[in-house]
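Asker: Next comes the structure file start_0.txt, holding compact mmCIF, C-alpha atoms.
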# COMPACT_ATOMS: atom_id res chain seq x y z
CA MET S 1 70.13 11.35 99.82
CA ALA S 2 67.39 8.89 100.75
CA HIS S 3 69.50 6.85 103.17
CA GLY S 4 67.61 8.16 106.21
CA GLU S 5 64.32 6.99 104.75
CA PHE S 6 65.72 3.48 104.40
CA MET S 7 66.59 3.53 108.10
CA ILE S 8 63.07 4.75 108.88
CA LEU S 9 61.66 1.78 106.96
CA GLY S 10 63.72 -0.63 109.06
CA ALA S 11 62.59 1.08 112.27
CA TYR S 12 58.90 0.98 111.36
CA VAL S 13 59.06 -2.68 110.30
CA THR S 14 60.76 -3.48 113.62
CA TRP S 15 58.01 -1.57 115.44
CA MET S 16 55.23 -3.37 113.54
CA THR S 17 56.79 -6.80 114.10
CA SER S 18 57.29 -6.10 117.79
CA ASN S 19 53.65 -5.05 118.17
CA PHE S 20 52.53 -8.17 116.30
CA PHE S 21 54.50 -10.45 118.62
CA GLN S 22 53.23 -8.62 121.71
CA ALA S 23 49.62 -8.92 120.53
CA TYR S 24 49.61 -12.54 119.38
CA PHE S 25 52.46 -14.19 121.28
CA GLN S 26 52.17 -12.64 124.74
CA ALA S 27 54.06 -15.51 126.33
CA CYS S 28 57.12 -14.53 124.34
CA SER S 29 58.99 -12.18 126.66
CA ALA S 30 61.47 -11.08 123.98
CA ALA S 31 58.97 -9.51 121.57
CA ILE S 32 61.48 -6.86 120.53
CA LEU S 33 64.00 -9.35 119.13
CA PRO S 34 62.12 -10.87 116.14
CA GLY S 35 61.57 -7.41 114.63
CA ASP S 36 65.14 -7.03 113.41
CA ASP S 37 65.19 -9.70 110.72
CA PRO S 38 62.11 -8.69 108.64
CA GLY S 39 63.20 -5.06 108.78
CA LEU S 40 66.58 -5.90 107.31
CA HIS S 41 65.08 -7.97 104.51
CA ARG S 42 62.60 -5.28 103.50
CA LEU S 43 65.26 -2.62 103.68
CA ARG S 44 67.53 -4.61 101.40
CA ALA S 45 64.68 -5.27 98.95
CA LEU S 46 63.76 -1.58 98.76
CA GLY S 47 67.40 -0.60 98.23
CA MET S 48 67.80 -3.12 95.42
CA LEU S 49 64.58 -1.94 93.78
CA VAL S 50 65.64 1.72 93.91
CA GLU S 51 69.05 0.84 92.47
CA TRP S 52 67.54 -1.19 89.64
CA VAL S 53 64.68 1.15 88.76
CA LEU S 54 66.11 4.61 89.42
CA ILE S 55 69.82 4.98 90.07
CA ARG S 56 71.46 2.67 87.52
CA HIS S 57 70.10 4.78 84.67
CA LEU S 58 71.79 7.87 86.12
CA TYR S 59 75.34 6.61 86.77
CA ARG S 60 76.99 9.08 84.40
CA ARG S 61 74.94 12.06 85.60
CA PRO S 62 75.74 12.76 89.28
CA LEU S 63 73.52 15.85 89.59
CA ASP S 64 70.53 13.95 88.23
CA THR S 65 71.25 11.12 90.67
CA LEU S 66 71.27 13.62 93.54
CA LEU S 67 67.98 15.16 92.46
CA ALA S 68 66.33 11.77 91.89
CA THR S 69 67.28 10.48 95.33
CA TRP S 70 66.19 13.76 96.92
CA GLY S 71 62.81 13.41 95.24
CA LEU S 72 62.61 9.79 96.41
CA SER S 73 63.41 11.01 99.91
CA LEU S 74 60.49 13.44 99.83
CA ILE S 75 58.12 10.78 98.48
CA LEU S 76 59.12 8.25 101.15
CA GLN S 77 58.83 10.82 103.95
CA GLN S 78 55.31 11.68 102.91
CA ALA S 79 54.38 8.02 102.53
CA TYR S 80 55.60 7.25 106.06
CA ARG S 81 53.76 10.27 107.43
CA SER S 82 50.55 9.25 105.64
CA ILE S 83 50.76 5.63 106.80
CA PHE S 84 52.03 6.02 110.37
CA GLY S 85 51.12 9.61 111.23
CA ALA S 86 53.30 12.55 112.20
CA ARG S 87 53.98 11.43 115.80
CA GLU S 88 56.86 9.18 116.69
CA VAL S 89 56.22 5.63 117.84
CA GLY S 90 57.99 3.67 120.54
CA VAL S 91 58.68 0.04 121.21
CA GLU S 92 57.65 -1.25 124.60
CA LEU S 93 60.54 -2.96 126.33
CA PRO S 94 59.93 -6.43 127.78
CA GLN S 95 60.08 -6.86 131.55
CA TRP S 96 63.45 -8.60 131.49
CA MET S 97 65.02 -5.39 130.12
CA LEU S 98 63.54 -3.15 132.83
CA GLY S 99 64.71 -4.83 136.04
CA ARG S 100 67.86 -4.67 138.10
CA CYS S 101 70.88 -6.88 137.86
CA MET S 102 73.39 -7.95 140.50
CA PHE S 103 77.11 -7.81 139.83
CA PRO S 104 79.72 -9.85 141.69
CA THR S 105 80.79 -6.74 143.60
CA ALA S 106 77.30 -6.65 145.16
CA SER S 107 76.46 -3.32 143.57
CA ARG S 108 73.08 -2.94 141.92
CA CYS S 109 72.49 -1.19 138.60
CA ASP S 110 69.50 -0.60 136.42
CA GLN S 111 69.77 -2.76 133.32
CA ARG S 112 68.91 0.23 131.17
CA ARG S 113 71.97 2.13 132.43
CA VAL S 114 74.21 -0.87 131.83
CA ARG S 115 72.78 -1.43 128.33
CA ASP S 116 73.04 2.23 127.34
CA GLY S 117 76.55 2.55 128.70
CA ALA S 118 75.56 5.41 130.99
CA GLY S 119 78.64 4.94 133.08
CA ARG S 120 78.77 4.14 136.74
CA CYS S 121 75.86 2.75 138.70
Show this structure as structure tokens.
Answerer:
Amino acid sequence: MAHGEFMILGAYVTWMTSNFFQAYFQACSAAILPGDDPGLHRLRALGMLVEWVLIRHLYRRPLDTLLATWGLSLILQQAYRSIFGAREVGVELPQWMLGRCMFPTASRCDQRRVRDGAGRC
């Protein structure tokens, strides 16, 4: 039941790493890219810790496992809200992701529409 909170952890670590790179390595135009790796490592570490400390003791009791992970979900949600606040955060896109690109057919598209798969230009 706490799988969404693990995804939130990865998103917030990516956001913090991106902000760190934008603040201290301004020459790096791809500040969004280094955020993925630390988020994955911390997510994996938290998942392993929860498995070792909480879930492995409840393998034969599925209802208790459900209740324990639901409680963990509530605890993690409140921790994220206390640390980061109730408002959502966004990652600023680097300039190279905001421009236009030229295709061989001489049509111009916004890179955001191409990246998001929004269809035709």
Asker: Taking into account only C-alpha atoms, which residue in the set S:Ala2, S:Leu72, S:Leu63, S:Ala11 is nearest to Glu88 (chain S)?
Answerer: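 Among the listed residues, S:Ala11 lies closest to Glu88 (chain S).
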Asker: Which of these, S:Leu9, S:Leu54, S:Leu46, S:Met16, has the shortest distance to Arg81 (chain S) once you count all atoms listed in the file?
Answerer: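 Comparing S:Leu9, S:Leu54, S:Leu46, S:Met16 against Arg81 (chain S), the winner is S:Leu9.
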Asker: Calculate how many Å separate CA of Val89 (chain S) from CA of Trp15 (chain S), rounding to one decimal.
Answerer: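 Separation of CA of Val89 (chain S) and CA of Trp15 (chain S): 7.8 Å.
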Asker: Quick one: everything within 9 Å of Ser73 (chain S), counting all atoms listed in the file, minus sequence neighbours fewer than 5 positions away in the same chain. Send it as a list in words.
Answerer: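 Returned residues: Met1, Ala2, His3, Gly4, Glu5, Ala68 and Gln78 of chain S.
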Asker: Which of these residues is nearest to Ile8 (chain S), using all atoms listed in the file: S:Leu67, S:Ala23, S:Val50, S:Leu76?
Answerer: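 Looking at the shortest contact to Ile8 (chain S), the residue is S:Leu76.
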Asker: Pick out the closest residue to Thr65 (chain S) from this set: S:Gln77, S:Glu51, S:Ala86, S:Val13. Count all atoms listed in the file.
Answerer: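 For Thr65 (chain S), the nearest of the candidates is S:Glu51.
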Asker: So how many Å separate CA of Arg60 (chain S) and CA of Leu43 (chain S), to one decimal?
Answerer: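 If I compute the distance from CA of Arg60 (chain S) to CA of Leu43 (chain S), I get 25.4 Å.
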Asker: Could you jot down the CA of Thr17 (chain S) to CA of Arg44 (chain S) separation for me, Å, one decimal place?
Answerer: 16.8 Å
